[in-house]
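J.: Sending over coords13.txt (compact mmCIF, C-alpha atoms).
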# COMPACT_ATOMS: atom_id res chain seq x y z
CA MET A 1 317.90 214.40 83.22
CA PRO A 2 315.46 216.59 85.23
CA SER A 3 317.35 219.34 87.05
CA LEU A 4 316.44 222.17 89.42
CA CYS A 5 318.42 225.26 90.36
CA ARG A 6 317.89 225.86 94.07
CA SER A 7 319.11 229.45 93.74
CA CYS A 8 316.67 230.79 91.13
CA LEU A 9 314.24 227.81 90.89
CA THR A 10 314.80 227.32 87.15
CA THR A 11 314.03 223.81 85.90
CA PHE A 12 316.05 222.45 83.01
CA ASP A 13 317.37 219.26 81.42
CA GLY A 14 320.77 218.33 82.86
CA GLY A 15 323.93 220.33 83.48
CA ALA A 16 326.27 221.12 86.36
CA ARG A 17 325.30 224.79 86.46
CA CYS A 18 322.03 226.62 86.08
CA PRO A 19 321.68 228.00 82.53
CA ALA A 20 319.78 231.03 83.87
CA CYS A 21 321.89 232.24 86.82
CA ARG A 22 325.02 230.02 86.51
CA SER A 23 324.63 228.82 90.11
CA PRO A 24 326.22 225.45 90.94
CA ARG A 25 323.44 224.73 93.48
CA VAL A 26 321.75 222.28 91.15
CA THR A 27 319.85 219.10 92.06
CA THR A 28 319.59 216.48 89.34
CA HIS A 29 317.71 213.18 89.54
CA PRO A 30 315.65 211.03 87.14
CA GLU A 31 312.65 211.04 89.53
CA LEU A 32 313.10 214.62 90.76
CA PHE A 33 309.69 215.83 89.57
CA ASP A 34 307.77 212.62 90.38
CA LEU A 35 308.34 212.34 94.15
CA SER A 36 306.20 214.07 96.77
CA ILE A 37 307.07 212.87 100.31
CA ALA A 38 309.54 215.20 102.01
CA HIS A 39 311.32 215.79 105.29
CA MET A 40 312.52 219.30 106.10
CA ASP A 41 315.13 219.65 108.85
CA CYS A 42 316.40 223.05 109.94
CA ASP A 43 320.19 223.31 110.16
CA ALA A 44 321.45 223.61 113.79
CA PHE A 45 318.18 225.42 114.50
CA TYR A 46 318.68 226.90 117.98
CA ALA A 47 322.26 227.93 117.23
CA SER A 48 321.20 229.40 113.88
CA VAL A 49 318.57 231.56 115.55
CA GLU A 50 321.20 232.84 117.99
CA LYS A 51 323.66 233.63 115.19
CA ARG A 52 320.95 235.36 113.20
CA ASP A 53 320.05 237.57 116.17
CA ASN A 54 323.68 238.28 117.07
CA PRO A 55 325.91 238.63 113.96
CA GLU A 56 329.02 238.77 116.18
CA LEU A 57 328.57 235.01 116.67
CA ALA A 58 328.65 234.26 112.94
CA ASP A 59 332.07 232.59 112.79
CA LYS A 60 332.27 231.41 116.40
CA PRO A 61 331.52 227.93 117.80
CA VAL A 62 328.15 228.20 119.53
CA ILE A 63 326.66 225.65 121.92
CA ILE A 64 323.11 225.90 123.20
CA GLY A 65 322.75 224.37 126.66
CA GLY A 66 322.82 225.04 130.37
CA GLY A 67 326.08 225.43 132.26
CA ARG A 68 328.96 223.01 132.72
CA ARG A 69 326.76 220.35 134.31
CA GLY A 70 324.06 220.39 131.64
CA VAL A 71 323.93 218.76 128.25
CA VAL A 72 324.21 220.16 124.73
CA SER A 73 320.80 220.99 123.22
CA THR A 74 322.37 221.74 119.86
CA ALA A 75 325.62 223.09 118.45
CA CYS A 76 326.45 225.08 115.35
CA TYR A 77 328.44 223.45 112.58
CA VAL A 78 331.65 225.17 113.66
CA ALA A 79 331.36 223.37 117.01
CA ARG A 80 330.27 220.12 115.37
CA ILE A 81 333.47 220.04 113.34
CA ARG A 82 335.30 219.98 116.70
CA GLY A 83 333.30 216.91 117.76
CA VAL A 84 330.46 218.50 119.74
CA ARG A 85 327.14 216.65 119.45
CA SER A 86 323.59 217.05 120.76
CA ALA A 87 322.93 215.40 124.15
CA MET A 88 326.68 215.38 124.94
CA PRO A 89 327.45 216.34 128.55
CA MET A 90 328.58 219.95 128.59
CA PHE A 91 331.90 219.22 130.30
CA GLN A 92 332.81 216.86 127.43
CA ALA A 93 331.74 219.44 124.84
CA LEU A 94 333.96 222.09 126.45
CA LYS A 95 336.93 219.73 126.42
CA LYS A 96 336.50 219.34 122.67
CA CYS A 97 335.73 223.00 122.06
CA PRO A 98 337.00 225.14 124.98
CA ASP A 99 336.47 228.43 123.13
CA ALA A 100 332.78 227.77 122.49
CA VAL A 101 330.19 230.43 123.31
CA ILE A 102 327.62 228.84 125.63
CA ILE A 103 324.09 230.23 125.37
CA LYS A 104 321.09 229.26 127.46
CA PRO A 105 318.09 228.29 125.32
CA ARG A 106 315.63 231.06 124.46
CA MET A 107 312.64 228.86 123.75
CA GLU A 108 310.27 231.75 123.07
CA GLU A 109 312.44 232.86 120.13
CA TYR A 110 312.78 229.32 118.77
CA VAL A 111 309.02 228.81 118.98
CA LYS A 112 308.45 232.10 117.14
CA ALA A 113 310.80 231.06 114.33
CA SER A 114 309.23 227.60 114.18
CA ARG A 115 305.75 229.07 113.82
CA ALA A 116 306.91 231.30 110.96
CA ILE A 117 308.34 228.27 109.15
CA ARG A 118 305.16 226.30 109.79
CA THR A 119 303.12 229.11 108.21
CA MET A 120 305.26 228.88 105.09
CA MET A 121 304.77 225.10 104.98
CA GLU A 122 301.00 225.47 105.27
CA GLU A 123 301.02 227.50 102.06
CA LEU A 124 302.31 224.38 100.30
CA THR A 125 300.17 221.61 101.83
CA PRO A 126 297.87 220.91 104.78
CA ASP A 127 299.54 217.50 105.22
CA ILE A 128 302.34 218.43 107.64
CA GLU A 129 303.56 216.22 110.48
CA PRO A 130 305.86 218.16 112.81
CA LEU A 131 308.40 216.08 114.72
CA SER A 132 309.81 218.97 116.75
CA LEU A 133 310.25 222.73 116.46
CA ASP A 134 312.82 222.32 113.69
CA GLU A 135 311.72 219.40 111.53
CA ALA A 136 308.61 218.06 109.84
CA PHE A 137 307.34 215.68 107.20
CA LEU A 138 305.34 217.11 104.29
CA ASP A 139 303.13 215.27 101.80
CA LEU A 140 302.79 217.30 98.60
CA THR A 141 301.01 214.58 96.63
CA GLY A 142 298.55 216.16 94.18
CA THR A 143 299.71 219.75 94.75
CA ALA A 144 301.40 220.26 91.36
CA ARG A 145 298.15 221.42 89.72
CA LEU A 146 297.46 223.83 92.59
CA HIS A 147 300.91 225.44 92.55
CA GLY A 148 301.75 225.03 88.88
CA HIS A 149 305.04 223.39 89.83
CA PRO A 150 306.10 219.92 91.02
CA PRO A 151 306.77 219.38 94.75
CA ALA A 152 310.57 219.61 94.31
CA VAL A 153 310.30 223.20 93.09
CA MET A 154 307.97 224.23 95.90
CA LEU A 155 310.27 222.67 98.51
CA ALA A 156 313.26 224.54 97.08
CA ARG A 157 311.17 227.72 97.23
CA LEU A 158 310.34 226.99 100.88
CA VAL A 159 313.97 226.82 102.01
CA ARG A 160 314.84 229.87 99.89
CA ARG A 161 312.08 231.82 101.66
CA MET A 162 313.34 230.59 105.03
CA LYS A 163 316.78 231.98 104.16
CA ASP A 164 315.56 235.27 102.68
CA GLU A 165 312.78 236.10 105.14
CA LEU A 166 313.90 234.44 108.38
CA GLY A 167 317.67 234.20 108.02
CA LEU A 168 317.53 230.43 108.65
CA THR A 169 318.48 227.45 106.51
CA GLY A 170 317.04 223.98 106.19
CA SER A 171 317.79 220.74 104.39
CA ILE A 172 315.28 218.81 102.28
CA GLY A 173 314.97 215.07 101.82
CA LEU A 174 312.63 214.02 99.00
CA SER A 175 311.56 210.44 98.38
CA HIS A 176 308.59 208.07 98.05
CA ASN A 177 308.04 207.38 101.79
CA LYS A 178 308.74 208.85 105.24
CA PHE A 179 311.65 206.58 106.13
CA LEU A 180 313.65 207.44 103.03
CA ALA A 181 312.72 211.13 103.09
CA LYS A 182 314.19 211.44 106.59
CA VAL A 183 317.30 209.51 105.56
CA ALA A 184 317.70 211.79 102.53
CA SER A 185 317.50 215.01 104.57
CA ASP A 186 320.66 214.01 106.44
CA LEU A 187 322.73 213.28 103.34
CA ASP A 188 323.71 216.82 102.38
CA LYS A 189 323.52 219.07 105.45
CA PRO A 190 323.60 221.97 105.90
CA HIS A 191 321.39 223.71 103.32
CA GLY A 192 321.09 220.54 101.25
CA PHE A 193 318.53 218.93 98.95
CA SER A 194 318.81 215.17 98.50
CA VAL A 195 316.63 212.72 96.59
CA ILE A 196 316.18 208.95 96.93
CA GLY A 197 314.06 207.55 94.10
CA LYS A 198 312.07 204.33 93.93
CA ALA A 199 314.32 202.73 91.32
CA GLU A 200 317.50 203.20 93.34
CA THR A 201 316.14 202.32 96.80
CA GLY A 202 317.56 198.78 96.98
CA ASP A 203 321.02 199.71 95.74
CA PHE A 204 321.14 202.80 97.95
CA LEU A 205 320.32 200.92 101.17
CA ARG A 206 322.23 197.67 100.62
CA ASP A 207 325.58 198.67 102.13
CA LYS A 208 324.26 201.20 104.65
CA PRO A 209 324.47 200.46 108.42
CA VAL A 210 321.22 199.58 110.19
CA SER A 211 321.90 202.53 112.52
CA LEU A 212 320.48 204.61 109.65
CA ILE A 213 317.02 203.50 110.78
CA TRP A 214 315.35 206.21 112.82
CA GLY A 215 314.66 204.95 116.33
CA VAL A 216 317.32 202.24 116.35
CA GLY A 217 319.37 203.15 119.41
CA GLN A 218 322.39 201.57 121.04
CA VAL A 219 320.43 198.78 122.74
CA THR A 220 318.78 197.70 119.48
CA ARG A 221 322.06 198.00 117.58
CA ASP A 222 323.74 195.73 120.12
CA ALA A 223 320.94 193.17 119.76
CA LEU A 224 321.17 193.29 115.97
CA GLU A 225 324.95 192.94 116.06
CA LYS A 226 324.64 189.84 118.24
CA ALA A 227 322.49 188.39 115.47
CA GLY A 228 325.15 189.28 112.89
CA ILE A 229 323.15 192.19 111.46
CA ARG A 230 325.17 195.33 110.76
CA THR A 231 323.97 196.44 107.34
CA PHE A 232 320.77 196.35 105.31
CA ALA A 233 322.33 193.58 103.25
CA ASP A 234 322.54 191.51 106.45
CA LEU A 235 318.84 192.15 107.11
CA LEU A 236 317.90 191.04 103.60
CA ARG A 237 319.31 187.58 104.33
CA TRP A 238 316.77 186.99 107.10
CA GLU A 239 313.30 185.57 106.51
CA ARG A 240 310.43 187.71 107.73
CA GLN A 241 309.20 185.14 110.25
CA ASP A 242 312.70 184.65 111.66
CA LEU A 243 313.11 188.39 112.26
CA GLY A 244 309.71 188.43 113.96
CA ALA A 245 310.61 185.49 116.17
CA ARG A 246 313.91 187.10 117.18
CA PHE A 247 312.88 190.75 117.54
CA GLY A 248 309.08 190.74 117.90
CA SER A 249 307.16 193.62 116.26
CA MET A 250 310.45 195.39 115.58
CA GLY A 251 311.47 192.42 113.41
CA ASP A 252 308.53 192.93 111.05
CA ARG A 253 309.35 196.62 110.78
CA LEU A 254 313.00 195.82 110.04
CA TRP A 255 311.98 193.37 107.28
CA HIS A 256 309.99 196.10 105.50
CA LEU A 257 312.57 198.85 106.00
CA ALA A 258 315.34 196.60 104.66
CA ARG A 259 313.41 196.74 101.37
CA GLY A 260 312.78 200.47 101.61
CA GLN A 261 309.11 199.93 102.42
CA ASP A 262 307.30 202.31 104.78
CA ARG A 263 303.50 202.46 104.65
CA ARG A 264 303.12 205.10 107.37
CA ARG A 265 301.11 208.08 106.24
CA ILE A 266 301.98 211.65 107.07
CA SER A 267 299.56 212.66 109.79
CA ALA A 268 298.82 216.32 110.39
CA HIS A 269 297.21 215.43 113.70
CA ALA A 270 299.69 213.04 115.31
CA PRO A 271 298.77 212.99 119.01
CA VAL A 272 301.09 214.30 121.71
CA LYS A 273 302.14 211.28 123.81
CA SER A 274 303.57 213.02 126.86
CA ILE A 275 304.45 216.39 128.40
CA SER A 276 307.54 216.76 130.55
CA ASN A 277 310.08 219.19 131.93
CA GLU A 278 313.50 218.55 133.43
CA THR A 279 316.64 220.34 134.55
CA THR A 280 320.31 219.42 135.02
CA PHE A 281 321.93 221.02 138.06
CA HIS A 282 325.26 222.84 137.99
CA GLU A 283 326.28 220.77 141.02
CA ASP A 284 324.86 217.50 142.28
CA THR A 285 322.41 218.24 145.05
CA GLY A 286 320.45 216.40 147.70
CA ASP A 287 319.16 219.61 149.31
CA ALA A 288 315.46 219.02 150.02
CA ASP A 289 314.43 222.68 149.67
CA ILE A 290 316.24 223.16 146.37
CA LEU A 291 314.81 219.96 144.91
CA ASP A 292 311.32 220.80 146.16
CA GLY A 293 311.45 224.23 144.50
CA HIS A 294 312.56 222.73 141.19
CA LEU A 295 309.88 220.04 141.37
CA TRP A 296 307.16 222.65 141.87
CA ARG A 297 308.37 224.80 138.96
CA MET A 298 308.52 221.76 136.68
CA SER A 299 305.02 220.72 137.73
CA GLU A 300 303.78 224.22 136.89
CA LYS A 301 305.38 224.13 133.45
CA VAL A 302 303.95 220.69 132.71
CA ALA A 303 300.50 221.79 133.86
CA ASP A 304 300.70 225.04 131.86
CA ARG A 305 301.51 223.09 128.69
CA ALA A 306 298.68 220.66 129.32
CA LYS A 307 296.22 223.53 129.82
CA ALA A 308 297.50 225.31 126.69
CA LYS A 309 297.00 222.16 124.61
CA GLY A 310 293.62 221.34 126.13
CA ILE A 311 294.73 217.94 127.43
CA ALA A 312 295.26 216.13 130.73
CA GLY A 313 297.33 213.14 131.85
CA ARG A 314 296.49 209.94 133.70
CA VAL A 315 300.09 209.12 134.69
CA VAL A 316 302.65 211.27 136.54
CA THR A 317 306.32 210.44 135.94
CA LEU A 318 309.34 211.37 138.06
CA LYS A 319 312.80 211.23 136.47
CA LEU A 320 316.12 211.35 138.35
CA LYS A 321 319.74 210.96 137.27
CA ARG A 322 322.77 210.36 139.50
CA HIS A 323 326.30 211.68 139.06
CA ASP A 324 327.26 208.48 137.19
CA PHE A 325 324.40 209.08 134.70
CA SER A 326 322.39 206.12 136.04
CA LEU A 327 318.70 206.87 135.55
CA VAL A 328 315.81 206.32 137.97
CA THR A 329 312.17 206.70 136.88
CA ARG A 330 308.97 206.26 138.86
CA ARG A 331 305.38 206.44 137.61
CA GLN A 332 302.01 206.64 139.31
CA ALA A 333 298.60 206.31 137.68
CA LEU A 334 295.98 208.77 138.91
CA ARG A 335 292.34 208.05 139.69
CA ASP A 336 291.34 210.88 137.33
CA PRO A 337 293.40 212.54 134.57
CA THR A 338 294.76 215.92 135.68
CA GLN A 339 296.13 219.14 134.30
CA LEU A 340 296.63 220.75 137.71
CA ALA A 341 300.13 221.69 138.84
CA ASP A 342 299.13 220.93 142.43
CA THR A 343 298.25 217.31 141.57
CA VAL A 344 301.36 216.79 139.44
CA TYR A 345 303.56 218.23 142.19
CA ARG A 346 302.05 216.28 145.07
CA THR A 347 302.16 213.02 143.13
CA ALA A 348 305.75 213.58 141.95
CA ARG A 349 306.79 214.59 145.47
CA GLY A 350 305.27 211.37 146.80
CA LEU A 351 307.32 209.41 144.28
CA PHE A 352 310.47 211.33 145.18
CA ASP A 353 310.36 211.13 148.98
CA PRO A 354 311.35 207.42 149.24
CA LEU A 355 314.30 208.13 146.90
CA ALA A 356 315.57 211.32 148.53
CA LYS A 357 318.19 209.50 150.59
CA ASP A 358 319.67 207.95 147.43
CA GLY A 359 320.98 211.31 146.18
CA PRO A 360 322.67 213.58 145.48
CA TRP A 361 321.14 214.08 142.05
CA ARG A 362 322.37 215.76 138.88
CA LEU A 363 319.01 215.79 137.03
CA LEU A 364 315.37 216.06 138.06
CA GLY A 365 312.31 215.86 135.84
CA ALA A 366 308.52 215.55 136.01
CA GLY A 367 305.94 214.72 133.38
CA LEU A 368 302.43 213.65 132.38
CA SER A 369 301.53 210.81 130.02
CA ASP A 370 298.53 208.70 128.93
CA LEU A 371 296.98 211.95 127.69
CA VAL A 372 293.25 212.58 127.20
CA PRO A 373 291.05 215.60 126.37
CA GLU A 374 290.79 218.15 129.18
CA GLY A 375 287.06 217.48 129.57
CA GLN A 376 287.99 214.29 131.43
CA ALA A 377 290.27 216.08 133.89
CA ASP A 378 289.89 216.39 137.66
CA LEU A 379 286.25 215.26 137.83
CA THR A 380 286.20 213.29 141.09
CA PRO A 381 286.85 215.10 144.38
CA ASP A 382 289.50 213.51 146.59
CA LEU A 383 287.64 212.53 149.77
CA LEU A 384 290.92 211.78 151.53
CA ASP A 385 292.21 215.30 150.86
CA PRO A 386 289.55 217.87 151.84
CA GLY A 387 291.78 220.75 150.76
CA ALA A 388 292.20 219.48 147.18
CA ARG A 389 289.12 221.24 145.79
CA GLN A 390 290.11 224.54 147.40
CA ARG A 391 293.64 224.29 146.00
CA ALA A 392 292.28 223.48 142.54
CA GLU A 393 289.98 226.53 142.62
CA ALA A 394 292.90 228.68 143.78
CA GLU A 395 295.05 227.39 140.91
CA ARG A 396 292.35 228.15 138.34
CA ALA A 397 291.98 231.66 139.75
CA THR A 398 295.76 232.09 139.68
CA ASP A 399 295.79 231.02 136.02
CA LYS A 400 293.32 233.79 135.14
CA ILE A 401 295.38 236.43 136.96
CA ARG A 402 298.62 235.27 135.31
CA ALA A 403 296.95 235.26 131.89
CA LYS A 404 295.94 238.88 132.40
CA PHE A 405 298.96 240.30 134.24
CA GLY A 406 301.85 238.00 133.34
CA ALA A 407 303.40 234.75 134.53
CA ASP A 408 305.10 236.41 137.52
CA ALA A 409 301.95 238.14 138.81
CA ILE A 410 301.52 235.43 141.48
CA LEU A 411 304.24 233.09 142.75
CA LYS A 412 304.14 230.39 145.39
CA GLY A 413 306.81 230.56 148.08
CA ARG A 414 308.30 227.21 147.04
CA ALA A 415 308.72 228.53 143.48
CA ILE A 416 311.50 230.93 144.54
CA ARG A 417 313.62 228.36 146.39
Kindly return the structure encoded in the file as structure tokens.

T.:
Amino acid sequence: MPSLCRSCLTTFDGGARCPACRSPRVTTHPELFDLSIAHMDCDAFYASVEKRDNPELADKPVIIGGGRRGVVSTACYVARIRGVRSAMPMFQALKKCPDAVIIKPRMEEYVKASRAIRTMMEELTPDIEPLSLDEAFLDLTGTARLHGHPPAVMLARLVRRMKDELGLTGSIGLSHNKFLAKVASDLDKPHGFSVIGKAETGDFLRDKPVSLIWGVGQVTRDALEKAGIRTFADLLRWERQDLGARFGSMGDRLWHLARGQDRRRISAHAPVKSISNETTFHEDTGDADILDGHLWRMSEKVADRAKAKGIAGRVVTLKLKRHDFSLVTRRQALRDPTQLADTVYRTARGLFDPLAKDGPWRLLGAGLSDLVPEGQADLTPDLLDPGARQRAEAERATDKIRAKFGADAILKGRAIR
């Protein structure tokens, strides 16, 4: 049986321990050296970066998020054992884990770590599809001749380098398609390495809940349960056309996934679909000045990201959440795509004004979608707003000054509210 020691990277034929270093960190599978589609997921990434940078946090429950009124971005495994989960309201997390250390996100450090990991991945294959800062698909098909080792060995080397050079751990899922590779990466966290082979796909999935499918949320689960579908075995009893008639395009996808089929290719150039920024307030607020200041800062961040990526958006989105977690969204299509903070702000403010009286609000967000290359941005002058061109020129000039002297070199008055 093909086996791999994840500690020293020795390959051998069977055994519970590595014959070279005696480590028990051994992965054994009949198809171990034949599979090449992988998903790498960092373990509690934000929290792990914080613990790496502050060893005093090593054994403490750590939650990354913003204040009592925010939500959990991520939590270390110590906190997860207590029941803390990502996206959980902070007040609930603190009830479950009152001694947790709460840390505000340091995105610049997480981005730096993510880039270092990405550089390591690029040494293995150019076919990388990042899903976020801390996870990505990799296609290592045909790389064995280049590296002199099968993909499984190179993936084990990747996570060993992450541990040795960056002080971070990750879990690997290895299979024959994207769906199963992502499923596999969750089977043995943290610091795991799991394999789902072609021959075992049907037996592996049969008794699993359909919630295992990435992207199947509570609404879809409820709809499936109404149809008597709870497991993959339940899905297998449905004809393809019946699933399509009941669930539309999702039905066809479910039919294929029930059989472990996923024809999606790993795309190194998957397009960004939207850019957004949002904040959760410590206290619900309906204060017009406070909300206006936040809306401007969010618009600036959205615009800065669009400019950095060389893209622009045709649609501005406003997002609001009340104290009872009910969500309100409004969208407005623009005449021309934009990457200007001034346009994002003025459009979002126009969407907000009719809703202001419905507050107070616990969350506010702004975003751009329907993205296009920046060459299509802000081409047509607004004849109804004579000052628009002057404001756009001022913003471009401000961008140059900030690029040279720092983000705080020039601030608008509304940005400090």

J.: Tell me, as JSON, numbers by chain, which residues lie within 7 Å of Gln332 of chain A, counting all atoms listed in the file; anything in the same chain fewer than 6 positions away does not count.

T.: {"A": [315, 316, 317]}

J.: For Asp43 of chain A, please output as a list of chain:residue names all residues within 6 Å (counting all atoms listed in the file; exclusion window: fewer than 4 positions along the same chain).

T.: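 Once the adjacent positions are removed, what remains is A:Thr169, A:Gly170, A:Pro190.
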
J.: Do a neighbour search on Val153 of chain A at 9 Å with only C-alpha atoms, toss out local chain neighbours closer than 6 positions, and write the hits as a PyMOL selection string.

T.: chain A and resi 4-6+9-11+33

J.: Nearest to Pro151 of chain A: which of A:Leu174, A:Gly167, A:Gln390, A:Ser194 is it, counting only C-alpha atoms?

T.: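 Ranking A:Leu174, A:Gly167, A:Gln390, A:Ser194 by distance to Pro151 of chain A, first place goes to A:Leu174.
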
J.: Just the residues within 10 Å of segment 343-359 of chain A, please, counting only C-alpha atoms, with nothing from its chain fewer than 3 positions along; format it as an NGL selection string.

T.: :A and (284-288 or 291-292 or 295-300 or 302-303 or 313 or 315-323 or 328-334 or 337-340 or 362 or 364-368 or 378 or 388 or 391-392)

J.: Take the residues just selected and output them with C-alpha atoms as a PDB file, in the frame of the given file.

T.:
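Final output, saved to selection33.pdb:
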ATOM      1  CA  ASP A 284     324.860 217.500 142.280  1.00  0.00           C
ATOM      2  CA  THR A 285     322.410 218.240 145.050  1.00  0.00           C
ATOM      3  CA  GLY A 286     320.450 216.400 147.700  1.00  0.00           C
ATOM      4  CA  ASP A 287     319.160 219.610 149.310  1.00  0.00           C
ATOM      5  CA  ALA A 288     315.460 219.020 150.020  1.00  0.00           C
ATOM      6  CA  LEU A 291     314.810 219.960 144.910  1.00  0.00           C
ATOM      7  CA  ASP A 292     311.320 220.800 146.160  1.00  0.00           C
ATOM      8  CA  LEU A 295     309.880 220.040 141.370  1.00  0.00           C
ATOM      9  CA  TRP A 296     307.160 222.650 141.870  1.00  0.00           C
ATOM     10  CA  ARG A 297     308.370 224.800 138.960  1.00  0.00           C
ATOM     11  CA  MET A 298     308.520 221.760 136.680  1.00  0.00           C
ATOM     12  CA  SER A 299     305.020 220.720 137.730  1.00  0.00           C
ATOM     13  CA  GLU A 300     303.780 224.220 136.890  1.00  0.00           C
ATOM     14  CA  VAL A 302     303.950 220.690 132.710  1.00  0.00           C
ATOM     15  CA  ALA A 303     300.500 221.790 133.860  1.00  0.00           C
ATOM     16  CA  GLY A 313     297.330 213.140 131.850  1.00  0.00           C
ATOM     17  CA  VAL A 315     300.090 209.120 134.690  1.00  0.00           C
ATOM     18  CA  VAL A 316     302.650 211.270 136.540  1.00  0.00           C
ATOM     19  CA  THR A 317     306.320 210.440 135.940  1.00  0.00           C
ATOM     20  CA  LEU A 318     309.340 211.370 138.060  1.00  0.00           C
ATOM     21  CA  LYS A 319     312.800 211.230 136.470  1.00  0.00           C
ATOM     22  CA  LEU A 320     316.120 211.350 138.350  1.00  0.00           C
ATOM     23  CA  LYS A 321     319.740 210.960 137.270  1.00  0.00           C
ATOM     24  CA  ARG A 322     322.770 210.360 139.500  1.00  0.00           C
ATOM     25  CA  HIS A 323     326.300 211.680 139.060  1.00  0.00           C
ATOM     26  CA  VAL A 328     315.810 206.320 137.970  1.00  0.00           C
ATOM     27  CA  THR A 329     312.170 206.700 136.880  1.00  0.00           C
ATOM     28  CA  ARG A 330     308.970 206.260 138.860  1.00  0.00           C
ATOM     29  CA  ARG A 331     305.380 206.440 137.610  1.00  0.00           C
ATOM     30  CA  GLN A 332     302.010 206.640 139.310  1.00  0.00           C
ATOM     31  CA  ALA A 333     298.600 206.310 137.680  1.00  0.00           C
ATOM     32  CA  LEU A 334     295.980 208.770 138.910  1.00  0.00           C
ATOM     33  CA  PRO A 337     293.400 212.540 134.570  1.00  0.00           C
ATOM     34  CA  THR A 338     294.760 215.920 135.680  1.00  0.00           C
ATOM     35  CA  GLN A 339     296.130 219.140 134.300  1.00  0.00           C
ATOM     36  CA  LEU A 340     296.630 220.750 137.710  1.00  0.00           C
ATOM     37  CA  ARG A 362     322.370 215.760 138.880  1.00  0.00           C
ATOM     38  CA  LEU A 364     315.370 216.060 138.060  1.00  0.00           C
ATOM     39  CA  GLY A 365     312.310 215.860 135.840  1.00  0.00           C
ATOM     40  CA  ALA A 366     308.520 215.550 136.010  1.00  0.00           C
ATOM     41  CA  GLY A 367     305.940 214.720 133.380  1.00  0.00           C
ATOM     42  CA  LEU A 368     302.430 213.650 132.380  1.00  0.00           C
ATOM     43  CA  ASP A 378     289.890 216.390 137.660  1.00  0.00           C
ATOM     44  CA  ALA A 388     292.200 219.480 147.180  1.00  0.00           C
ATOM     45  CA  ARG A 391     293.640 224.290 146.000  1.00  0.00           C
ATOM     46  CA  ALA A 392     292.280 223.480 142.540  1.00  0.00           C
TER      47      ALA A 392
END

J.: With distances taken over all atoms listed in the file, which of A:Ile117, A:Val84, A:Ala136, A:Leu371 is nearest to Asp164 of chain A?

T.: A:Ile117

J.: Atom CA of Ala38 of chain A and atom CA of Asn177 of chain A, how far apart in Å?

T.: 8.0 Å

J.: Report, in Å to a single decimal, how far apart atom CA of Phe204 of chain A and atom CA of Trp238 of chain A are.

T.: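 Here the two named atoms are 18.8 Å from each other.
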
J.: Could you check the closest approach to Leu124 of chain A for each of A:Asp59, A:Glu225, A:Asp139, A:Asp370 and tell me which residue wins, using all atoms listed in the file?

T.: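 Using all atoms listed in the file, the shortest distance to Leu124 of chain A belongs to A:Asp139.
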
J.: Kindly extract all protein, DNA and RNA residues lying within 12 Å of the coordinates (293.2, 218.8, 110.4) given in the file, considering all atoms listed in the file, and supply them as a ChimeraX atom specification.

T.: /A:122,125-129,266-271

J.: Quote the spacing between atom CA of Asp342 of chain A and atom CA of Ala312 of chain A in Å to one decimal place.

T.: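 Result for atom CA of Asp342 of chain A versus atom CA of Ala312 of chain A: 13.2 Å, one decimal.
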
J.: So, with only C-alpha atoms as the atoms that count, which of A:Met162, A:Ile103, A:Ala152, A:Leu254 lies closest to Val195 of chain A?

T.: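 Of A:Met162, A:Ile103, A:Ala152, A:Leu254, the one nearest Val195 of chain A, counting only C-alpha atoms, is A:Ala152.
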
J.: Please list as a ChimeraX atom specification every residue within 12 Å of Val49 of chain A, counting all atoms listed in the file and excluding residues in the same chain fewer than 6 positions away.

T.: /A:42-43,55,57-58,62-64,74-76,103,105-114,134,162-163,166-169

J.: Given all atoms listed in the file as the basis, pick out the residue of A:Glu165, A:Arg22, A:Gln92, A:Leu212 nearest to Ala184 of chain A.

T.: A:Leu212

J.: With all atoms listed in the file as the basis for distance, which of A:Arg17, A:His294, A:Lys60, A:Lys273 is at the shortest distance from Ala306 of chain A?

T.: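 Between A:Arg17, A:His294, A:Lys60, A:Lys273, the residue approaching Ala306 of chain A most closely is A:Lys273.
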